[in-house]
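Engineer: There's a structure below that I have some questions on.
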Amino acid sequence: MATPLSDTSLSPLRTVAVVGLGTMGTGIAEVLAGAGRDVIGIDTSEAQTAKCVTALAASTARAVERGRLTGPQRAELLARVTTSTDLGAAAGADLVIEVAPESYEIKQQIFRELDGIVRPETVLATGTNALSVTRLAADSARPERVLGMHFFNPAPAMRLVEIVSCVLTAPAAVTAVTDLALDLGKEPVAVGDRPGFVADGLLFGYLNQAAAMYEANYASREDIDAAMRLGCGLPMGPLALLDLIGVDTARTVLEAMYAESRDRLHAPAPVLKQLSEAGLTGRKAGRGFYTYEAPGSGTVVRDALTPLEGGSPTAGRTVRSVGVAGSGTMASGIAEVFAKAGYEVVLAARSEEKARSARARIGKNLARSVDKGRMTAEAAAQTLERVRPTGTYDDFADVDLAVEAVAEDLEVKRQLFAALDKVCKPGAVLATTTSSLPVVACARATSRPQDVIGMHFFNPAPAMKLVEVVRTVLTADDVHATVREVCGTIRKHAVDCGDRAGFIVNALLFPYLNNAIKMVEEHYASLDDIDAAMKLGGGYPMGPFELLDVVGLDVSLAIEKVLHREFRDPGLAPAPLLEHLVAAGCLGRKTGRGFREYAKR
């Protein structure tokens, strides 16, 4: 039996063995050696150890070329790494990090063998992102020295490391490994033992929903990925990311998460099983959701599912003038976008005063663009000249496209569409910018539902490149083609989706945000740790709680309710904490308090 572990019994972890020299293990070895640790790389395959040495040589050579390392530093780093195919080489290690395949049987076998090899004080860390650390620790002869050390891929670049302790883990072991992570230049986040931990626990649920959305033929793989990149600022779309992670790996993680949570959102989408069992596991196989140039390549090549170039075979209608209904930030932003693209814009609000105020907002935005050198003063003046403010929708009589951007209230929108139906000329396209309401309900308020479509812009409209183009079952082909053509003219990326709650972006984004709130409700992790985990581990531009406070908790709750009502999935029910904060008037930055408090302006 291992000796008790006191708070002072662990010396600094100077020699580290890494068991499993795949991409992740090799990356961890490089990080450790770069921080001055002696590294013993172990793999049962001689070919894999050789591949690791070659990869380290190539990676450090690139670092020298980019000025991140000097030649002597590179030589010292490489000299600190030795490799072996014998687990016995870990005998002198202060810490062993296993990065073996995600299998209890494989990992438990490694830990059992290590128990008979390493010194009593050696700490054993598992790199799992899906399996129970508690179960692995309980099977060890030294459970108090077993914990999780979850790096993210690629390990040299990604700053997050999740330090996973369980009820058996001694605090001194956690402290020693946390100190090591800090010394490696990483950001350690302390988490408890549950499948997926923080980052993957939130990430894989989102990836699973994206796979299910694709499987349901709701949107193409290209549109789903483009929507999340351009609508949320993510570095990769979810389906491309699944291919990078490995479809089989994602399925394993989700199965472990579902076994614990029984949340349908974690039940692996059937397409993940189909692809895995067909050997189409992503980049490593050369084919997954996409097809790649070769196994291991990141270069996507055309296949049978790649959209044809050249756009719609249906010709669109001519659009020369545009009406924008509304006076808020979104309405003025959309009017600015159209005016910049050369369209004559009628900006209508409930009063001429409100319309003039919205036009003045456009003028200020254009002036900032001039100050920053993004456009000339002459171009800004010409753009503003194209915007005509009015207090009556009667001035929409001659527009070719009318875009409503009024309050997200279905009755308000229905009344507006009934008014536009009477005012707008025959053949004019009528578009709603709703983010969550049924487009068909707006269409049915008119006598021409075939002319109605959704154009969901993202805020701020001048900066955000995405527009979700939402067809109803009644939308005419030439109306769809018209809006696609217009999106090209205003330099927006259009993605097609059907008329269901949340469309693409909100249907994937808000369940992820809701799950983050549930993590806090369950006291699993803090706001700060969750935000840090998603920014550092997922490459997200904002953490979920930062984003919720920016969007507005009342807006977020309304969207969550719409999603829950439409899909009837218990996992989509708004987190009670969100409802409580909204009831208390804590709506985010706009009220000075949401999940965090903000200085009053």
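Letters A, B, ... go to the chains of the structure tokens in the order shown; residues in each chain start at 1; ligands are counted from 1 in the same order.
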Got a sec: who's within 8 Å of Gly233 in chain A, counting only C-alpha atoms, leaving out chain neighbours fewer than 3 positions off, as a ChimeraX atom specification?
Structural biologist: /A:228-230,540-541
Engineer: Let's have the selection written as a PDB file, in the first residue's frame, with all heavy atoms.
Structural biologist:
ATOM      1  N   MET A 228     -21.591  28.930 -37.818  1.00  0.00           N
ATOM      2  CA  MET A 228     -20.990  29.016 -36.484  1.00  0.00           C
ATOM      3  C   MET A 228     -19.667  29.788 -36.508  1.00  0.00           C
ATOM      4  O   MET A 228     -19.318  30.459 -35.540  1.00  0.00           O
ATOM      5  CB  MET A 228     -20.802  27.617 -35.900  1.00  0.00           C
ATOM      6  CG  MET A 228     -22.113  26.851 -35.713  1.00  0.00           C
ATOM      7  SD  MET A 228     -23.448  27.816 -34.925  1.00  0.00           S
ATOM      8  CE  MET A 228     -22.788  27.989 -33.262  1.00  0.00           C
ATOM      9  N   ARG A 229     -18.948  29.717 -37.600  1.00  0.00           N
ATOM     10  CA  ARG A 229     -17.715  30.509 -37.703  1.00  0.00           C
ATOM     11  C   ARG A 229     -18.042  32.002 -37.816  1.00  0.00           C
ATOM     12  O   ARG A 229     -17.476  32.831 -37.103  1.00  0.00           O
ATOM     13  CB  ARG A 229     -16.881  30.075 -38.914  1.00  0.00           C
ATOM     14  CG  ARG A 229     -16.123  28.775 -38.732  1.00  0.00           C
ATOM     15  CD  ARG A 229     -15.153  28.503 -39.875  1.00  0.00           C
ATOM     16  NE  ARG A 229     -15.856  28.248 -41.134  1.00  0.00           N
ATOM     17  CZ  ARG A 229     -15.958  29.113 -42.137  1.00  0.00           C
ATOM     18  NH1 ARG A 229     -15.411  30.308 -42.045  1.00  0.00           N
ATOM     19  NH2 ARG A 229     -16.612  28.789 -43.244  1.00  0.00           N
ATOM     20  N   LEU A 230     -18.951  32.326 -38.715  1.00  0.00           N
ATOM     21  CA  LEU A 230     -19.229  33.732 -38.989  1.00  0.00           C
ATOM     22  C   LEU A 230     -20.223  34.337 -38.002  1.00  0.00           C
ATOM     23  O   LEU A 230     -20.171  35.528 -37.716  1.00  0.00           O
ATOM     24  CB  LEU A 230     -19.773  33.876 -40.413  1.00  0.00           C
ATOM     25  CG  LEU A 230     -18.823  33.416 -41.520  1.00  0.00           C
ATOM     26  CD1 LEU A 230     -19.510  33.488 -42.879  1.00  0.00           C
ATOM     27  CD2 LEU A 230     -17.547  34.249 -41.530  1.00  0.00           C
ATOM     28  N   TYR A 540     -12.894  29.970 -28.219  1.00  0.00           N
ATOM     29  CA  TYR A 540     -14.068  30.839 -28.332  1.00  0.00           C
ATOM     30  C   TYR A 540     -13.655  32.289 -28.057  1.00  0.00           C
ATOM     31  O   TYR A 540     -12.861  32.546 -27.157  1.00  0.00           O
ATOM     32  CB  TYR A 540     -15.135  30.429 -27.323  1.00  0.00           C
ATOM     33  CG  TYR A 540     -15.935  29.210 -27.719  1.00  0.00           C
ATOM     34  CD1 TYR A 540     -15.324  28.047 -28.179  1.00  0.00           C
ATOM     35  CD2 TYR A 540     -17.316  29.217 -27.643  1.00  0.00           C
ATOM     36  CE1 TYR A 540     -16.060  26.940 -28.552  1.00  0.00           C
ATOM     37  CE2 TYR A 540     -18.076  28.098 -28.007  1.00  0.00           C
ATOM     38  CZ  TYR A 540     -17.429  26.966 -28.455  1.00  0.00           C
ATOM     39  OH  TYR A 540     -18.164  25.869 -28.814  1.00  0.00           O
ATOM     40  N   PRO A 541     -14.209  33.257 -28.810  1.00  0.00           N
ATOM     41  CA  PRO A 541     -13.828  34.654 -28.566  1.00  0.00           C
ATOM     42  C   PRO A 541     -14.306  35.179 -27.217  1.00  0.00           C
ATOM     43  O   PRO A 541     -13.706  36.085 -26.651  1.00  0.00           O
ATOM     44  CB  PRO A 541     -14.494  35.409 -29.730  1.00  0.00           C
ATOM     45  CG  PRO A 541     -15.578  34.510 -30.224  1.00  0.00           C
ATOM     46  CD  PRO A 541     -15.105  33.113 -29.961  1.00  0.00           C
TER      47      PRO A 541
END
Engineer: Which residue, A:Leu78, A:Ser357, A:Ala325, A:Ala501, has the smallest gap to Leu420 in chain A when you use only C-alpha atoms?
Structural biologist: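 Among the listed residues, A:Ala325 lies closest to Leu420 in chain A.
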Engineer: Which is closest to Leu557 in chain A among A:Leu207, A:Ser436, A:Met534, A:Cys487, if we use only C-alpha atoms?
Structural biologist: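 Of the candidates, the smallest distance to Leu557 in chain A is held by A:Ser436.
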Engineer: Please identify which residues in range 28-151 of chain A DSSP calls strand (DSSP E or B) from the backbone, and express them as a list in words.
Structural biologist: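 Residues meeting the strand (DSSP E or B) criterion: Asp38, Val39, Ile40, Gly41, Ile42, Val81, Thr82, Thr83, Ser84, Leu95, Val96, Ile97, Glu98, Val123, Leu124, Ala125, Thr126, Val146, Leu147, Gly148, Met149, His150 and Phe151 of chain A.
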Engineer: Export, as a compact mmCIF listing (two decimals), in the first residue's frame, the selected residues with N, CA and C atoms.
Structural biologist:
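Written file, again22.txt:
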# COMPACT_ATOMS: atom_id res chain seq x y z
N ASP A 38 12.94 16.76 -17.85
CA ASP A 38 13.46 15.56 -18.52
C ASP A 38 12.26 14.68 -18.84
N VAL A 39 12.16 14.28 -20.11
CA VAL A 39 10.96 13.58 -20.57
C VAL A 39 11.34 12.19 -21.07
N ILE A 40 10.56 11.20 -20.60
CA ILE A 40 10.71 9.82 -21.09
C ILE A 40 9.44 9.51 -21.88
N GLY A 41 9.56 9.41 -23.19
CA GLY A 41 8.41 9.10 -24.03
C GLY A 41 8.31 7.59 -24.22
N ILE A 42 7.14 7.03 -23.92
CA ILE A 42 6.97 5.57 -23.97
C ILE A 42 5.79 5.21 -24.85
N VAL A 81 14.63 14.73 -24.27
CA VAL A 81 13.61 13.72 -24.56
C VAL A 81 14.27 12.40 -24.95
N THR A 82 13.94 11.36 -24.21
CA THR A 82 14.36 10.00 -24.59
C THR A 82 13.09 9.18 -24.83
N THR A 83 13.20 8.15 -25.63
CA THR A 83 12.02 7.32 -25.91
C THR A 83 12.32 5.85 -25.63
N SER A 84 11.26 5.11 -25.39
CA SER A 84 11.39 3.69 -25.07
C SER A 84 10.09 2.97 -25.43
N LEU A 95 6.47 12.06 -12.24
CA LEU A 95 5.09 12.13 -12.71
C LEU A 95 4.99 11.30 -13.99
N VAL A 96 3.92 10.53 -14.11
CA VAL A 96 3.64 9.81 -15.36
C VAL A 96 2.31 10.32 -15.90
N ILE A 97 2.31 10.74 -17.16
CA ILE A 97 1.07 11.18 -17.82
C ILE A 97 0.74 10.16 -18.91
N GLU A 98 -0.37 9.45 -18.75
CA GLU A 98 -0.74 8.49 -19.80
C GLU A 98 -1.70 9.16 -20.77
N VAL A 123 3.45 10.59 -8.92
CA VAL A 123 2.05 10.94 -9.24
C VAL A 123 1.70 10.37 -10.61
N LEU A 124 0.52 9.79 -10.73
CA LEU A 124 0.05 9.22 -11.99
C LEU A 124 -1.11 10.08 -12.51
N ALA A 125 -0.96 10.57 -13.71
CA ALA A 125 -2.00 11.41 -14.30
C ALA A 125 -2.55 10.77 -15.56
N THR A 126 -3.86 10.83 -15.72
CA THR A 126 -4.48 10.35 -16.95
C THR A 126 -4.86 11.54 -17.81
N VAL A 146 -3.48 9.56 -7.95
CA VAL A 146 -4.00 9.52 -9.32
C VAL A 146 -4.94 10.70 -9.56
N LEU A 147 -4.75 11.39 -10.65
CA LEU A 147 -5.62 12.50 -11.01
C LEU A 147 -5.65 12.65 -12.53
N GLY A 148 -6.40 13.61 -13.01
CA GLY A 148 -6.47 13.86 -14.44
C GLY A 148 -5.69 15.12 -14.79
N MET A 149 -5.00 15.08 -15.93
CA MET A 149 -4.29 16.25 -16.45
C MET A 149 -4.64 16.32 -17.93
N HIS A 150 -5.71 17.07 -18.22
CA HIS A 150 -6.28 17.06 -19.57
C HIS A 150 -5.76 18.24 -20.38
N PHE A 151 -4.82 17.96 -21.28
CA PHE A 151 -4.31 18.95 -22.22
C PHE A 151 -5.26 19.03 -23.42
Engineer: Nearest to Lys284 in chain A: which of A:Tyr206, A:Leu244, A:Met257, A:Ala358 is it, counting only C-alpha atoms?
Structural biologist: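 The answer is A:Leu244, which sits nearest to Lys284 in chain A.
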Engineer: Go ahead and compute the interatomic distance for CA of Thr23 in chain A and CA of Pro154 in chain A, in Å to one decimal.
Structural biologist: 7.9 Å
Engineer: Which residue, A:Thr128, A:Ile453, A:Asp569, A:Asp549, has the smallest gap to Gly588 in chain A when you use only C-alpha atoms?
Structural biologist: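 Result for the nearest residue to Gly588 in chain A: A:Asp549.
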